[in-house]
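What follows is the content of target.cif, which has mmCIF, C-alpha atoms and all ligand atoms:
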```cif
data_structure
#
loop_
_atom_site.label_atom_id
_atom_site.label_comp_id
_atom_site.auth_asym_id
_atom_site.auth_seq_id
_atom_site.Cartn_x
_atom_site.Cartn_y
_atom_site.Cartn_z
CA MET A 1 0.00 0.00 0.00
CA THR A 2 1.35 3.41 -0.88
CA GLY A 3 0.89 6.85 0.64
CA VAL A 4 -2.63 8.15 0.51
CA ARG A 5 -2.88 11.64 -0.87
CA PRO A 6 -4.52 14.13 1.46
CA THR A 7 -7.61 14.36 -0.74
CA SER A 8 -8.43 10.67 -1.09
CA PRO A 9 -9.49 9.51 2.37
CA LEU A 10 -10.50 5.96 3.09
CA ASP A 11 -13.45 6.60 5.29
CA ARG A 12 -14.94 10.00 4.57
CA VAL A 13 -18.48 10.41 5.87
CA ALA A 14 -21.30 10.87 3.39
CA GLY A 15 -20.67 14.56 3.04
CA ALA A 16 -20.49 18.02 4.45
CA HIS A 17 -23.70 17.66 6.48
CA ASP A 18 -22.50 14.55 8.25
CA ALA A 19 -19.23 16.26 9.16
CA ALA A 20 -21.13 19.28 10.45
CA VAL A 21 -23.40 17.17 12.67
CA LEU A 22 -20.40 15.28 13.97
CA ALA A 23 -18.73 18.60 14.78
CA VAL A 24 -21.71 19.65 16.91
CA ALA A 25 -21.65 16.30 18.71
CA ARG A 26 -17.89 16.66 19.22
CA ARG A 27 -18.32 19.79 21.33
CA GLY A 28 -18.96 17.58 24.35
CA ASP A 29 -22.38 17.27 26.01
CA PRO A 30 -25.06 15.03 24.50
CA VAL A 31 -27.26 16.86 21.99
CA SER A 32 -30.84 16.50 20.83
CA ARG A 33 -32.04 16.51 17.25
CA ALA A 34 -33.41 20.02 17.83
CA ASP A 35 -30.04 21.25 19.23
CA VAL A 36 -28.27 20.10 16.10
CA ALA A 37 -30.98 21.47 13.80
CA GLN A 38 -30.69 24.87 15.46
CA ALA A 39 -26.89 24.89 15.43
CA LEU A 40 -26.78 24.08 11.72
CA GLN A 41 -29.94 25.86 10.58
CA VAL A 42 -31.40 22.74 8.98
CA THR A 43 -34.65 20.85 9.58
CA PRO A 44 -34.93 18.24 12.37
CA GLN A 45 -35.95 15.73 9.67
CA ALA A 46 -32.63 16.26 7.88
CA VAL A 47 -30.78 15.85 11.17
CA SER A 48 -32.57 12.53 11.83
CA LYS A 49 -31.33 11.15 8.54
CA ILE A 50 -27.75 12.24 9.20
CA LEU A 51 -27.78 10.94 12.79
CA GLY A 52 -29.04 7.63 11.43
CA ARG A 53 -26.09 7.44 9.04
CA LEU A 54 -23.60 8.36 11.76
CA MET A 55 -25.09 5.74 14.12
CA ASP A 56 -24.88 3.09 11.39
CA ARG A 57 -21.17 3.81 11.21
CA GLY A 58 -20.79 3.68 14.98
CA LEU A 59 -19.63 7.30 15.22
CA VAL A 60 -22.66 8.47 17.21
CA ALA A 61 -24.89 6.66 19.73
CA GLU A 62 -28.07 7.39 21.66
CA ALA A 63 -27.40 8.79 25.14
CA GLY A 64 -30.72 8.52 26.98
CA THR A 65 -33.74 10.78 26.96
CA ILE A 66 -34.88 13.92 28.71
CA VAL A 67 -38.40 15.11 29.42
CA SER A 68 -38.89 18.76 28.60
CA GLY A 69 -42.59 19.62 28.71
CA PRO A 70 -45.54 17.56 27.48
CA GLY A 71 -45.26 14.97 24.74
CA LYS A 72 -42.64 12.39 23.91
CA PRO A 73 -39.31 12.49 25.77
CA THR A 74 -36.42 13.91 23.73
CA THR A 75 -33.68 11.51 22.68
CA LEU A 76 -30.09 12.67 23.20
CA TYR A 77 -27.11 11.69 21.09
CA ARG A 78 -23.40 11.64 21.77
CA ILE A 79 -20.24 10.99 19.86
CA VAL A 80 -18.60 7.57 20.42
CA PRO A 81 -14.96 8.42 21.21
CA SER A 82 -13.86 4.77 21.11
CA SER A 83 -15.19 4.20 17.58
CA ARG A 84 -12.08 5.45 15.78
CA ARG A 85 -8.38 5.95 16.52
CA ALA A 86 -5.48 7.74 14.90
CA ILE A 87 -1.74 7.73 15.52
CA GLY A 88 0.20 10.99 15.75
CA LEU A 89 3.99 11.29 15.56
CA HIS A 90 6.04 14.38 16.28
CA LEU A 91 9.49 14.12 14.76
CA THR A 92 12.43 16.35 15.56
CA ARG A 93 16.12 15.92 14.75
CA SER A 94 16.71 13.88 17.91
CA ARG A 95 13.34 12.75 19.19
CA VAL A 96 10.07 11.01 18.29
CA HIS A 97 7.04 11.76 20.42
CA GLY A 98 4.07 9.54 19.60
CA VAL A 99 0.45 9.29 20.67
CA VAL A 100 -2.65 7.35 19.75
CA VAL A 101 -5.88 9.29 20.19
CA ASP A 102 -9.59 8.50 20.09
CA LEU A 103 -12.18 10.21 17.88
CA THR A 104 -12.30 13.26 20.15
CA GLY A 105 -8.51 13.68 20.12
CA GLU A 106 -8.03 12.38 23.67
CA ILE A 107 -4.75 10.57 24.23
CA LEU A 108 -5.00 6.81 24.83
CA GLU A 109 -1.25 6.28 25.05
CA ARG A 110 1.93 8.27 24.54
CA ARG A 111 5.51 7.23 23.85
CA GLU A 112 8.70 9.21 23.74
CA LEU A 113 11.92 8.08 22.11
CA GLU A 114 15.22 9.95 22.14
CA THR A 115 17.13 8.96 19.02
CA GLY A 116 19.98 11.23 20.08
CA HIS A 117 21.25 11.76 16.55
CA LEU A 118 20.08 12.57 13.03
CA GLN A 119 19.17 9.13 11.68
CA PRO A 120 19.80 8.22 8.02
CA VAL A 121 16.51 7.90 6.10
CA PRO A 122 16.10 4.07 6.18
CA GLU A 123 16.77 4.06 9.92
CA LEU A 124 14.41 7.00 10.40
CA ILE A 125 11.53 5.28 8.61
CA ALA A 126 12.14 2.07 10.61
CA THR A 127 12.10 4.08 13.86
CA LEU A 128 8.85 5.89 13.00
CA ALA A 129 7.20 2.65 11.90
CA ALA A 130 8.27 0.86 15.09
CA GLU A 131 6.81 3.64 17.25
CA ALA A 132 3.58 3.62 15.24
CA ARG A 133 3.25 -0.16 15.56
CA GLU A 134 3.60 0.03 19.35
CA LEU A 135 0.81 2.64 19.43
CA ALA A 136 -1.39 0.81 16.90
CA VAL A 137 -2.21 -1.98 19.35
CA VAL A 138 -3.52 0.36 22.08
CA GLY A 139 -7.23 1.03 22.47
CA PRO A 140 -10.45 -0.02 20.77
CA GLY A 141 -11.90 1.27 17.53
CA GLU A 142 -10.93 1.35 13.90
CA LEU A 143 -7.42 2.70 13.27
CA LEU A 144 -7.68 5.31 10.52
CA GLY A 145 -4.02 6.04 9.89
CA ALA A 146 -1.03 7.98 11.12
CA GLY A 147 -0.13 11.65 10.97
CA LEU A 148 3.41 12.98 11.19
CA GLY A 149 4.32 16.53 12.16
CA MET A 150 7.89 17.82 11.79
CA PRO A 151 9.77 21.10 11.40
CA GLY A 152 9.52 22.39 7.84
CA PRO A 153 9.74 23.07 5.10
CA VAL A 154 7.34 20.23 4.39
CA ASP A 155 5.23 19.73 1.28
CA TRP A 156 1.86 18.53 2.55
CA THR A 157 0.51 17.80 -0.93
CA GLU A 158 3.42 15.60 -1.97
CA GLY A 159 4.22 14.28 1.48
CA VAL A 160 7.85 15.31 1.04
CA TYR A 161 10.27 16.88 3.50
CA ARG A 162 11.81 19.72 1.48
CA GLY A 163 14.65 20.32 3.90
CA SER A 164 16.79 23.24 4.81
CA SER A 165 19.60 24.84 2.84
CA GLU A 166 22.15 23.24 5.18
CA PRO A 167 23.44 19.75 4.32
CA ASP A 168 20.50 17.65 5.36
CA PRO A 169 20.22 13.85 4.96
CA TRP A 170 16.40 14.01 5.04
CA ARG A 171 16.14 16.63 2.33
CA GLY A 172 13.75 15.68 -0.49
CA THR A 173 12.63 12.47 1.24
CA PRO A 174 9.06 11.32 0.40
CA ILE A 175 8.46 10.49 4.05
CA ARG A 176 4.71 10.02 3.70
CA HIS A 177 5.05 7.45 0.94
CA LEU A 178 7.89 5.54 2.64
CA LEU A 179 6.14 5.41 6.00
CA ALA A 180 2.77 4.44 4.50
CA GLU A 181 4.43 1.63 2.59
CA GLU A 182 6.22 0.42 5.70
CA LEU A 183 3.11 0.60 7.90
CA GLY A 184 0.39 -0.42 5.44
CA LEU A 185 -1.68 2.50 6.73
CA PRO A 186 -2.66 5.89 5.31
CA VAL A 187 -0.16 8.55 6.38
CA LEU A 188 -0.34 12.34 6.33
CA LEU A 189 2.71 14.58 6.68
CA ASP A 190 2.57 18.21 7.73
CA HIS A 191 4.59 21.07 9.14
CA ASP A 192 4.71 20.91 12.96
CA SER A 193 2.95 24.23 13.56
CA ARG A 194 0.17 23.37 11.13
CA ALA A 195 -0.35 19.95 12.69
CA ALA A 196 -0.61 21.73 16.06
CA LEU A 197 -3.29 24.08 14.73
CA VAL A 198 -5.28 21.24 13.16
CA GLY A 199 -5.27 19.62 16.61
CA GLU A 200 -6.48 22.80 18.31
CA THR A 201 -9.31 23.28 15.80
CA TRP A 202 -10.36 19.63 16.14
CA SER A 203 -10.70 20.11 19.90
CA GLU A 204 -12.63 23.38 19.49
CA PRO A 205 -14.85 22.77 16.48
CA GLY A 206 -16.11 26.01 14.98
CA LEU A 207 -14.49 28.21 17.65
CA LEU A 208 -11.10 28.94 16.12
CA ARG A 209 -12.27 30.47 12.84
CA ASN A 210 -9.58 33.16 12.61
CA THR A 211 -6.59 31.94 14.54
CA ALA A 212 -2.82 32.08 14.36
CA LEU A 213 -0.88 29.40 16.18
CA VAL A 214 2.65 30.46 16.99
CA LEU A 215 4.93 27.55 17.74
CA VAL A 216 8.35 27.87 19.31
CA GLU A 217 10.35 24.67 19.43
CA ASP A 218 13.89 24.57 18.01
CA GLY A 219 12.62 27.07 15.44
CA LEU A 220 9.83 29.60 15.37
CA GLY A 221 6.85 29.05 13.09
CA ALA A 222 3.21 29.89 12.72
CA SER A 223 0.12 28.45 11.11
CA LEU A 224 -3.14 30.10 10.18
CA CYS A 225 -6.81 29.29 10.20
CA LEU A 226 -8.67 32.02 8.30
CA ASP A 227 -12.46 32.08 7.96
CA GLY A 228 -12.49 28.49 9.20
CA VAL A 229 -9.99 27.18 6.64
CA ILE A 230 -6.53 25.92 7.57
CA VAL A 231 -4.30 27.85 5.19
CA ARG A 232 -1.45 25.97 3.53
CA GLY A 233 -0.49 28.20 0.61
CA ALA A 234 0.94 27.58 -2.85
CA HIS A 235 3.94 25.54 -1.61
CA SER A 236 2.57 24.40 1.80
CA HIS A 237 4.75 27.12 3.34
CA ALA A 238 2.09 29.57 4.60
CA GLY A 239 2.91 30.92 8.04
CA GLU A 240 6.72 30.79 7.97
CA ALA A 241 6.70 33.72 10.35
CA GLY A 242 10.05 32.71 11.82
CA HIS A 243 11.70 33.72 8.55
CA THR A 244 10.11 37.15 8.28
CA VAL A 245 12.63 39.89 8.96
CA VAL A 246 12.13 41.87 12.18
CA ARG A 247 15.51 43.66 12.16
CA MET A 248 17.23 44.86 8.99
CA GLY A 249 20.83 43.66 8.87
CA GLY A 250 20.30 41.68 12.07
CA THR A 251 21.45 38.24 13.23
CA PRO A 252 22.40 35.77 10.46
CA CYS A 253 19.70 33.12 10.00
CA SER A 254 19.97 29.49 8.83
CA CYS A 255 17.91 30.50 5.76
CA GLY A 256 20.74 32.74 4.55
CA ARG A 257 19.13 36.07 5.39
CA PHE A 258 19.68 38.44 8.30
CA GLY A 259 17.37 39.56 11.08
CA CYS A 260 14.74 36.81 10.73
CA ALA A 261 12.45 36.56 13.76
CA GLN A 262 13.69 33.03 14.51
CA ALA A 263 17.35 34.09 14.51
CA GLU A 264 16.66 37.19 16.63
CA TYR A 265 14.59 35.19 19.12
CA GLN A 266 17.30 32.55 19.54
CA ALA A 267 20.06 35.16 19.78
CA ALA A 268 18.17 36.94 22.55
CA LEU A 269 17.74 33.68 24.50
CA ASP A 270 21.42 32.80 23.97
CA ASP A 271 22.28 36.20 25.47
CA GLY A 272 20.07 35.42 28.47
CA ASP A 273 17.71 38.25 27.48
CA ALA A 274 14.30 36.59 27.84
CA GLU A 275 12.57 39.96 27.77
CA LEU A 276 13.97 40.77 24.31
CA ALA A 277 13.03 37.27 23.12
CA ALA A 278 9.48 37.90 24.33
CA GLN A 279 9.43 41.20 22.43
CA VAL A 280 10.51 39.44 19.23
CA LEU A 281 7.66 36.99 19.70
CA ALA A 282 5.26 39.87 20.34
CA THR A 283 6.40 41.53 17.09
CA VAL A 284 5.72 38.32 15.17
CA VAL A 285 2.23 38.09 16.68
CA LEU A 286 1.46 41.74 16.00
CA ASN A 287 2.60 41.40 12.39
CA LEU A 288 0.34 38.38 11.94
CA VAL A 289 -2.62 40.24 13.46
CA ARG A 290 -1.96 43.17 11.12
CA LEU A 291 -1.48 41.00 8.07
CA VAL A 292 -4.36 38.54 8.30
CA ASP A 293 -6.71 39.90 10.99
CA VAL A 294 -6.95 36.97 13.40
CA ASP A 295 -8.88 37.29 16.66
CA ARG A 296 -7.16 34.44 18.49
CA VAL A 297 -3.51 33.66 18.94
CA VAL A 298 -2.51 30.31 20.42
CA LEU A 299 1.04 29.89 21.71
CA GLY A 300 2.66 26.47 21.94
CA GLY A 301 5.91 24.52 21.75
CA ARG A 302 8.58 23.35 24.18
CA THR A 303 10.54 26.60 24.16
CA VAL A 304 7.48 28.79 24.70
CA TYR A 305 6.45 26.80 27.77
CA ALA A 306 9.73 27.65 29.42
CA HIS A 307 9.04 31.39 29.00
CA HIS A 308 5.28 31.56 28.60
CA ALA A 309 4.39 34.03 31.36
CA ARG A 310 6.81 36.64 30.02
CA SER A 311 5.84 35.92 26.39
CA MET A 312 2.10 36.24 27.03
CA GLU A 313 2.66 39.48 28.90
CA ALA A 314 4.83 40.97 26.12
CA ILE A 315 2.32 39.98 23.46
CA ARG A 316 -0.66 41.41 25.36
CA ARG A 317 1.24 44.63 25.99
CA ALA A 318 2.27 44.99 22.34
CA LEU A 319 -1.27 44.34 21.16
CA THR A 320 -2.78 46.83 23.61
CA GLN A 321 -0.32 49.54 22.60
CA SER A 322 -0.63 48.94 18.89
CA LEU A 323 -4.40 48.60 18.77
CA GLN A 324 -5.45 51.38 21.16
CA ALA A 325 -6.76 53.55 18.32
CA GLU A 326 -8.89 50.62 17.11
CA PRO A 327 -10.98 49.58 20.13
CA TRP A 328 -13.16 47.36 17.93
CA ILE A 329 -10.27 44.93 17.37
CA HIS A 330 -10.18 42.17 19.99
CA VAL A 331 -7.42 39.60 19.97
CA GLU A 332 -7.40 36.82 22.54
CA VAL A 333 -3.98 35.37 23.36
CA MET A 334 -3.90 31.92 24.89
CA LEU A 335 -1.49 29.13 25.69
CA SER A 336 -2.25 25.73 24.18
CA THR A 337 -3.49 23.32 26.83
CA ARG A 338 -1.82 20.35 25.10
CA GLY A 339 1.64 20.94 26.55
CA THR A 340 4.41 18.97 24.88
CA ASP A 341 1.84 16.61 23.31
CA LEU A 342 0.62 19.46 21.09
CA ILE A 343 2.23 18.43 17.81
CA ALA A 344 1.82 14.68 18.18
CA VAL A 345 -1.88 15.10 19.03
CA GLY A 346 -2.22 17.56 16.16
CA ALA A 347 -0.66 15.10 13.73
CA ALA A 348 -3.21 12.47 14.81
CA CYS A 349 -6.01 15.03 14.46
CA GLU A 350 -4.87 15.66 10.87
CA VAL A 351 -6.03 12.11 10.15
CA LEU A 352 -9.33 12.63 12.02
CA THR A 353 -9.89 15.96 10.26
CA HIS A 354 -9.12 14.39 6.92
CA GLU A 355 -11.78 11.73 7.47
CA TYR A 356 -14.41 13.61 9.45
CA GLY A 357 -13.49 17.28 9.37
CA LEU A 358 -15.78 20.15 8.57
CA PRO A 359 -16.11 20.81 4.86
CA GLN A 360 -13.96 23.96 5.02
CA ALA A 361 -11.13 21.94 6.49
CA LEU A 362 -11.41 19.52 3.59
CA VAL A 363 -10.38 22.17 1.11
CA GLY A 364 -7.06 20.94 -0.10
CA PRO A 365 -4.87 20.48 -3.14
CA GLU A 366 -6.26 19.04 -6.39
ZN ZN B 1 15.48 33.03 8.18
#
```
Since I need it in another form, could you write the structure as C-alpha cells?
Amino acid sequence: MTGVRPTSPLDRVAGAHDAAVLAVARRGDPVSRADVAQALQVTPQAVSKILGRLMDRGLVAEAGTIVSGPGKPTTLYRIVPSSRRAIGLHLTRSRVHGVVVDLTGEILERRELETGHLQPVPELIATLAAEARELAVVGPGELLGAGLGMPGPVDWTEGVYRGSSEPDPWRGTPIRHLLAEELGLPVLLDHDSRAALVGETWSEPGLLRNTALVLVEDGLGASLCLDGVIVRGAHSHAGEAGHTVVRMGGTPCSCGRFGCAQAEYQAALDDGDAELAAQVLATVVLNLVRLVDVDRVVLGGRTVYAHHARSMEAIRRALTQSLQAEPWIHVEVMLSTRGTDLIAVGAACEVLTHEYGLPQALVGPE
C-alpha cells in the first residue's frame, strides 16, 4: 500500500452535512435533534437522517432521553470516542514523540523516544514505523491512519520533506510514501505548527475560525486558520513567520538572510535576554494580526512553555499599545493546553480531520 494523498481519504463520511453534525456532537455534552438542527440551521428531519447514518457507522450513539414539557421524551445523542483511533507522531532531529488518540482527540497512550542523533533515512523510517506499531495496538476502535508533524519546510501535498539549505540527509525524502508503505496505513505529513493548529481546531470545532498558532520549538513558526480554513499556501509554506525579517541587517539566519524573527529570538535567548526574546515573539504576533486579521492567537511549543508568562505578557502589551486607536479589534492570546503533546496530538487530528473534518477543512490540493 502506498501513501494516501490528502484528498483521497479511506473513510470519509457521506458529506459536508455529516461532518457538520459530527462537529456539533464533538463539542462535548449530549445533543438532541433540535439542538443540532438549530446549530446548523437545517430541519430536524434532515438531522434525523444524518444521525441515522452516523449511528450506522458507529460514530454516534443514543445517550438517553430527557423530558422537557408535554409529549414524547427527547432523545439525546453523543459521539462515540472509542469508535475510531489515529496515531500521531512528532518528529524532531533527535526525538520522536508519539500518541494514539480517540475520535475526540483524547490521548489513549503516549511514547517518547530519544534517538539522540540525526538518523539516516532508512533508519528513520524504521524508527517511525516501530513507534507507530507500538501505538497501533492500544485502544479499541478502527485505526484510521497515522499523521506525522515535523519542522519544515514540508510539502503537505506531496508528502515530502523539502529540507533546509544546510546539508540535510532528510532533504527531499518522500516520508509520507515511505512510512505508508512500511506501515500499510494511510499517512499524512505536515509542518509541525500546522499539525498543532489542526489539533487545536479539532478540539474546538467552529471556535477557532480566525486563529494564528505560533509555535516555538527549536525554530519559530506559525500556522493560520482564516475564515475556518486551515491555510497551507501555494507551496505548503504559509505561516513561515520565523523567517520574516524583524531587524534589517540583524542576526544571520539558517535560511541565509539576516534579522529573521527566529534568529533574533534565539540570539536573545542565547544572550540570556528573555525579555527581548518575548518582544521578538510579540512583534511576530502583532505582524500576523496586522497581516491577516486573526482574533485568536494560540502559543505552543517546548521553548514557549519555558518562558510563557513573560511571552504572554509581552504579546498582550504589544497588542494593547498597537491597537489602542482601534478599540473594535479584539485579539485573545492563549497558551495551548496540550503541553508537549501538542504536535503529536495535532498530527493524529490531521487524520481525524481528513476523514471527518468540517467541509472547510477539507479544502485541499487538487
Ligand atoms: Zn530566516
Hey, which residues come within 6 Å of ligand ZN 1 (chain B) if we count only C-alpha atoms and all ligand atoms? Could you give them as a list in words?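 The residues within 6 Å of ligand ZN 1 (chain B), counting only C-alpha atoms and all ligand atoms, are His243, Cys253, Ser254, Cys255, Arg257 and Cys260 of chain A.
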**Message:** Need to verify the contact set: stretch 115-124 of chain A, 7 Å, only C-alpha atoms, exclusion of same-chain residues closer than 6 positions in sequence. Can you return it as a PyMOL selection string?
**Reply:** chain A and resi 93-95+169-170
Once you count all atoms listed in the file, what closest atom pair and distance in Å to one decimal does each residue of stretch 14-94 of chain A within 10 Å of stretch 206-218 of chain A have, with rows by chain and rising residue number, as a tab-separated table?
```
residue	atom	partner	partner_atom	distance
A:Ala20	CA	A:Gly206	CA	9.5
A:Ala23	CA	A:Gly206	CA	7.9
A:Val24	CA	A:Gly206	CA	8.7
A:Arg27	CA	A:Gly206	CA	9.2
A:Thr92	CA	A:Asp218	CA	8.7
A:Arg93	CA	A:Asp218	CA	9.5
```
What's the 8 Å shell around A:Ala86, counting only C-alpha atoms, without same-chain residues fewer than 3 positions away, as a PDB file with C-alpha atoms, in the coordinates of the input?
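Below is the file that was written, part22.pdb:
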```
ATOM      1  CA  VAL A 100      -2.650   7.350  19.750  1.00  0.00           C
ATOM      2  CA  VAL A 101      -5.880   9.290  20.190  1.00  0.00           C
ATOM      3  CA  ASP A 102      -9.590   8.500  20.090  1.00  0.00           C
ATOM      4  CA  LEU A 103     -12.180  10.210  17.880  1.00  0.00           C
ATOM      5  CA  LEU A 143      -7.420   2.700  13.270  1.00  0.00           C
ATOM      6  CA  LEU A 144      -7.680   5.310  10.520  1.00  0.00           C
ATOM      7  CA  GLY A 145      -4.020   6.040   9.890  1.00  0.00           C
ATOM      8  CA  ALA A 146      -1.030   7.980  11.120  1.00  0.00           C
ATOM      9  CA  GLY A 147      -0.130  11.650  10.970  1.00  0.00           C
ATOM     10  CA  ALA A 348      -3.210  12.470  14.810  1.00  0.00           C
ATOM     11  CA  CYS A 349      -6.010  15.030  14.460  1.00  0.00           C
ATOM     12  CA  VAL A 351      -6.030  12.110  10.150  1.00  0.00           C
ATOM     13  CA  LEU A 352      -9.330  12.630  12.020  1.00  0.00           C
TER      14      LEU A 352
END
```
Practice item. Quote the spacing between atom CA of A:Asp155 and atom CA of A:Gly259 in Å to one decimal place. Key: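 Distance between the two atoms: 25.2 Å.
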* Write out as a list in words which residues come within 10 Å of A:Ile343 when counting all atoms listed in the file, dropping same-chain ones fewer than 5 positions away. =>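 Close residues of A:Ile343: Gly88, Leu89, His90, Leu91, His97, Gly98, Val99, Gly147, Leu148, Gly149, Met150, His191, Asp192, Ser193, Arg194, Ala195, Ala196, Leu197, Val198, Gly199, Glu200, Leu215, Gly300, Gly301, Arg338, Ala348 and Cys349 of chain A.
You will find atom CA of A:Ala318 at 11.5 Å from atom CA of A:Val333.
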